[in-house]
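S.K.: Handing you this structure, nothing more for now.
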Amino acid sequence: MSINTNLSQLRSQLPDEVTLVAVSKTKPVADLMEAYEAGQRIFGENKIQEMAEKQQQMPKDIQWHMIGNVQRNKVKYMSSFVDLIHGVDSVKLLNEINKQAEKHQRTISCLLQLKIAQEDTKFGMTSEDAYALLNSDHFKSLKNISIVGVMGMASFTNNATQIKEEFTDLKNTFERLKKNTPELEIISMGMSGDFPLAIECGSTMIRVGSRIFGARNYTN
Ligand SMILES: *Cc1c(COP(=O)(O)O)cnc(C)c1O
């Protein structure tokens with residue numbers, strides 16, 4: 001099936017308030033352009049250099065989201081253009097993003113990545129760490145970043161009950177954090193395999209790759 005068809009089928013299933021990030025990692029610019037022609041303007045990548053290369057080649061009205069783990073020494077390659085960084089999991093990283101954003105006289109929006117999966121392989125902060133960060137004086141002194149929500153990845157499992165528990169956990173953490181930090185508005189959760197469940201649990205932003213662009217081939 002074509003990218004165009006995949007996209008329109010997917011969109012027809014989404015409530016208006018849910019934002020779709022088209023995850024285009026490993027895919028060629030031609031595929032991204034097909035999605036662009038079909039009206040898609042938000043793309044997610046998980047490698048900074050790959051995102052920067054695609055950004056240079058593509059129309060400038062695209063919003064680029066960094067959804068992967070961010071190495072601090074590479075923040076500078078995306079700080080002039082990145083629209084939202086999903087995977088912020090430490091104060092050190094936040095400091096670097098703030099510093100690079102300041103150089104470009106802009107504010108970079110970020111999501112705090114929380115660890116909701118039981119798997120050890122998934123990254124993220126605890127809800128206590130996130131709470132402490134958002135309520136610290138240090139955080140308030142960082143003028144060139146804005147934390148606008150949370151992000152999480154559920155366990156890689158077919159157990160819908162477990163996935164639902166993990167998504168609900170993120171939604172609850174979001175509500176708890178929002179009490180003191182009312183500017184939080186985004187809950188980024190849900191991928192190709194679990195986005196309907198994520199939306200049921202309160203997701204406002206889903207990150208969908210293979211469902212739009214087809215399976216990824218990591219051998220190249
Ligand atoms: C690759 C990736 C996705 C998209 O995965 P699909 O299963 O292809 O939809 C979503 N979020 C993150 C963080 C990813 O790395």
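Labeling convention for the structure tokens: chains A, B, ... as they appear, residues from 1 per chain, ligands from 1 in order of appearance.
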Could you give me the residues within range 64-185 of chain A that DSSP places in strand (DSSP E or B), as a ChimeraX atom specification?

M.R.: /A:64-66,84-88,108-114,125,145-151

S.K.: Give me, as a PyMOL selection string, all polymer residues having an atom no more than 12 Å from His138 in chain A, counting only C-alpha atoms and skipping those fewer than 6 positions away in the same chain.

M.R.: chain A and resi 91-92+94-95+98+132

S.K.: Could I get the residue neighbourhood of ligand 1 at 12 Å, counting only C-alpha atoms and all ligand atoms, as a VMD selection string?

M.R.: chain A and resid 10 20 to 27 43 to 47 65 to 70 85 to 88 113 to 114 122 to 124 151 to 156 188 to 196 205 to 218

S.K.: Taking 3 positions as the minimum chain separation for residues in the same chain, which residues sit within 10 Å of Met58 in chain A when counting only C-alpha atoms? Answer as number ranges by chain.

M.R.: A: 29-30, 32-33, 36, 53-55, 61-62

S.K.: With distances taken over only C-alpha atoms, which residue among A:Glu34, A:Ala52, A:Lys60, A:Gln162 lies nearest Lys76 in chain A?

M.R.: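 Comparing A:Glu34, A:Ala52, A:Lys60, A:Gln162 against Lys76 in chain A, the winner is A:Ala52.
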
S.K.: Apply DSSP to the backbone of this structure and, from chain A, keep only the residues in alpha helix (DSSP H); write these as JSON, numbers by chain.

M.R.: {"A": [3, 4, 5, 6, 7, 8, 9, 10, 11, 12, 29, 30, 31, 32, 33, 34, 35, 36, 37, 48, 49, 50, 51, 52, 53, 54, 55, 56, 57, 91, 92, 93, 94, 95, 96, 97, 98, 99, 100, 101, 102, 103, 127, 128, 129, 130, 131, 132, 133, 134, 137, 138, 139, 140, 141, 160, 161, 162, 163, 164, 165, 166, 167, 168, 169, 170, 171, 172, 173, 174, 175, 176, 177, 178, 179, 180, 195, 196, 197, 198, 199, 200, 210, 211, 212, 213]}

S.K.: Write out as a VMD selection string each polymer residue whose atoms come within 12 Å of Lys103 in chain A, counting only C-alpha atoms; drop sequence neighbours fewer than 4 positions from it.

M.R.: chain A and resid 75 to 76 79 to 80 96 to 99 107 to 108 143 to 144

S.K.: Those same residues, written as an mmCIF file, in the first residue's frame with all heavy atoms?

M.R.:
data_model
loop_
_atom_site.group_PDB
_atom_site.id
_atom_site.type_symbol
_atom_site.label_atom_id
_atom_site.label_comp_id
_atom_site.auth_asym_id
_atom_site.auth_seq_id
_atom_site.Cartn_x
_atom_site.Cartn_y
_atom_site.Cartn_z
ATOM 1 N N VAL A 75 23.719 17.804 20.350
ATOM 2 C CA VAL A 75 22.579 18.735 20.419
ATOM 3 C C VAL A 75 22.791 19.904 19.458
ATOM 4 O O VAL A 75 21.863 20.381 18.806
ATOM 5 C CB VAL A 75 22.376 19.247 21.867
ATOM 6 C CG1 VAL A 75 21.345 20.368 21.918
ATOM 7 C CG2 VAL A 75 21.957 18.102 22.783
ATOM 8 N N LYS A 76 24.054 20.330 19.330
ATOM 9 C CA LYS A 76 24.350 21.507 18.502
ATOM 10 C C LYS A 76 23.969 21.333 17.027
ATOM 11 O O LYS A 76 23.720 22.297 16.336
ATOM 12 C CB LYS A 76 25.828 21.890 18.611
ATOM 13 C CG LYS A 76 26.820 20.791 18.284
ATOM 14 C CD LYS A 76 28.251 21.341 18.381
ATOM 15 C CE LYS A 76 29.301 20.271 18.123
ATOM 16 N NZ LYS A 76 29.496 19.375 19.301
ATOM 17 N N SER A 79 20.075 22.250 17.040
ATOM 18 C CA SER A 79 19.520 23.316 17.882
ATOM 19 C C SER A 79 18.979 24.509 17.088
ATOM 20 O O SER A 79 18.183 25.273 17.600
ATOM 21 C CB SER A 79 20.566 23.787 18.888
ATOM 22 O OG SER A 79 21.787 24.032 18.235
ATOM 23 N N SER A 80 19.375 24.629 15.812
ATOM 24 C CA SER A 80 18.864 25.763 15.042
ATOM 25 C C SER A 80 17.450 25.514 14.508
ATOM 26 O O SER A 80 16.764 26.434 14.130
ATOM 27 C CB SER A 80 19.793 26.060 13.865
ATOM 28 O OG SER A 80 19.773 24.965 12.962
ATOM 29 N N GLU A 96 22.464 21.474 28.349
ATOM 30 C CA GLU A 96 23.087 21.590 27.030
ATOM 31 C C GLU A 96 22.090 22.124 25.996
ATOM 32 O O GLU A 96 22.429 22.983 25.185
ATOM 33 C CB GLU A 96 23.649 20.229 26.596
ATOM 34 C CG GLU A 96 24.254 20.196 25.205
ATOM 35 C CD GLU A 96 25.499 21.083 25.031
ATOM 36 O OE1 GLU A 96 26.069 21.526 26.059
ATOM 37 O OE2 GLU A 96 25.882 21.337 23.866
ATOM 38 N N ILE A 97 20.865 21.633 26.035
ATOM 39 C CA ILE A 97 19.837 22.121 25.094
ATOM 40 C C ILE A 97 19.612 23.613 25.325
ATOM 41 O O ILE A 97 19.538 24.403 24.372
ATOM 42 C CB ILE A 97 18.516 21.331 25.250
ATOM 43 C CG1 ILE A 97 18.727 19.849 24.893
ATOM 44 C CG2 ILE A 97 17.420 21.931 24.368
ATOM 45 C CD1 ILE A 97 17.552 18.950 25.273
ATOM 46 N N ASN A 98 19.567 24.009 26.583
ATOM 47 C CA ASN A 98 19.368 25.429 26.908
ATOM 48 C C ASN A 98 20.503 26.282 26.350
ATOM 49 O O ASN A 98 20.281 27.334 25.748
ATOM 50 C CB ASN A 98 19.271 25.595 28.427
ATOM 51 C CG ASN A 98 18.929 27.016 28.826
ATOM 52 O OD1 ASN A 98 17.833 27.490 28.576
ATOM 53 N ND2 ASN A 98 19.896 27.713 29.420
ATOM 54 N N LYS A 99 21.730 25.778 26.531
ATOM 55 C CA LYS A 99 22.907 26.516 26.070
ATOM 56 C C LYS A 99 22.898 26.680 24.544
ATOM 57 O O LYS A 99 23.148 27.777 24.015
ATOM 58 C CB LYS A 99 24.156 25.732 26.505
ATOM 59 C CG LYS A 99 25.475 26.389 26.163
ATOM 60 C CD LYS A 99 26.631 25.600 26.792
ATOM 61 C CE LYS A 99 27.721 25.368 25.761
ATOM 62 N NZ LYS A 99 28.712 24.387 26.227
ATOM 63 N N THR A 107 13.811 29.361 21.834
ATOM 64 C CA THR A 107 13.405 28.483 22.918
ATOM 65 C C THR A 107 13.086 27.129 22.322
ATOM 66 O O THR A 107 12.364 27.045 21.331
ATOM 67 C CB THR A 107 12.142 29.038 23.613
ATOM 68 O OG1 THR A 107 12.442 30.337 24.097
ATOM 69 C CG2 THR A 107 11.724 28.161 24.772
ATOM 70 N N ILE A 108 13.664 26.075 22.883
ATOM 71 C CA ILE A 108 13.394 24.733 22.371
ATOM 72 C C ILE A 108 12.440 24.007 23.313
ATOM 73 O O ILE A 108 12.659 23.942 24.522
ATOM 74 C CB ILE A 108 14.703 23.933 22.190
ATOM 75 C CG1 ILE A 108 15.583 24.606 21.128
ATOM 76 C CG2 ILE A 108 14.397 22.486 21.797
ATOM 77 C CD1 ILE A 108 16.913 23.915 20.862
ATOM 78 N N LYS A 143 16.301 29.665 30.651
ATOM 79 C CA LYS A 143 15.331 30.523 29.948
ATOM 80 C C LYS A 143 15.063 30.105 28.511
ATOM 81 O O LYS A 143 14.148 30.610 27.879
ATOM 82 C CB LYS A 143 15.837 31.983 29.944
ATOM 83 C CG LYS A 143 15.953 32.593 31.331
ATOM 84 C CD LYS A 143 14.592 32.619 32.025
ATOM 85 C CE LYS A 143 14.701 33.194 33.438
ATOM 86 N NZ LYS A 143 13.666 32.647 34.337
ATOM 87 N N ASN A 144 15.897 29.229 27.948
ATOM 88 C CA ASN A 144 15.744 28.916 26.532
ATOM 89 C C ASN A 144 15.202 27.512 26.254
ATOM 90 O O ASN A 144 15.332 26.989 25.153
ATOM 91 C CB ASN A 144 17.074 29.127 25.789
ATOM 92 C CG ASN A 144 17.458 30.590 25.796
ATOM 93 O OD1 ASN A 144 17.906 31.116 26.816
ATOM 94 N ND2 ASN A 144 17.254 31.267 24.683
#

S.K.: When distances are computed from only C-alpha atoms, which of A:Glu128, A:Asp89, A:Glu165, A:Glu183 shows the smallest separation from Gln71 in chain A?

M.R.: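 Ranked by minimum distance to Gln71 in chain A, first place goes to A:Asp89.
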
S.K.: When you look at Asp169 in chain A with a cut-off of 10 Å (counting only C-alpha atoms), what residues show up, excluding the ones that are within fewer than 4 positions of it in the same chain? I need them as a list in words.

M.R.: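 So, after excluding close chain neighbours, the residues are Leu114, Lys115, Ile116, Ala117, Ser127, Gly152, Ile163, Lys164, Glu165, Thr173, Phe174 and Cys201 of chain A.
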
S.K.: Counting only C-alpha atoms, figure out which residue out of A:Gln13, A:Gln118, A:Ile187, A:Trp64 gets nearest to Asn172 in chain A.

M.R.: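 Among the listed residues, the smallest separation from Asn172 in chain A belongs to A:Ile187.
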
S.K.: Check the smallest atom-to-atom distance from each of A:Ile42, A:Leu197, A:Val82, A:Ala130 to Asn159 in chain A using only C-alpha atoms, then report the winner.

M.R.: A:Leu197
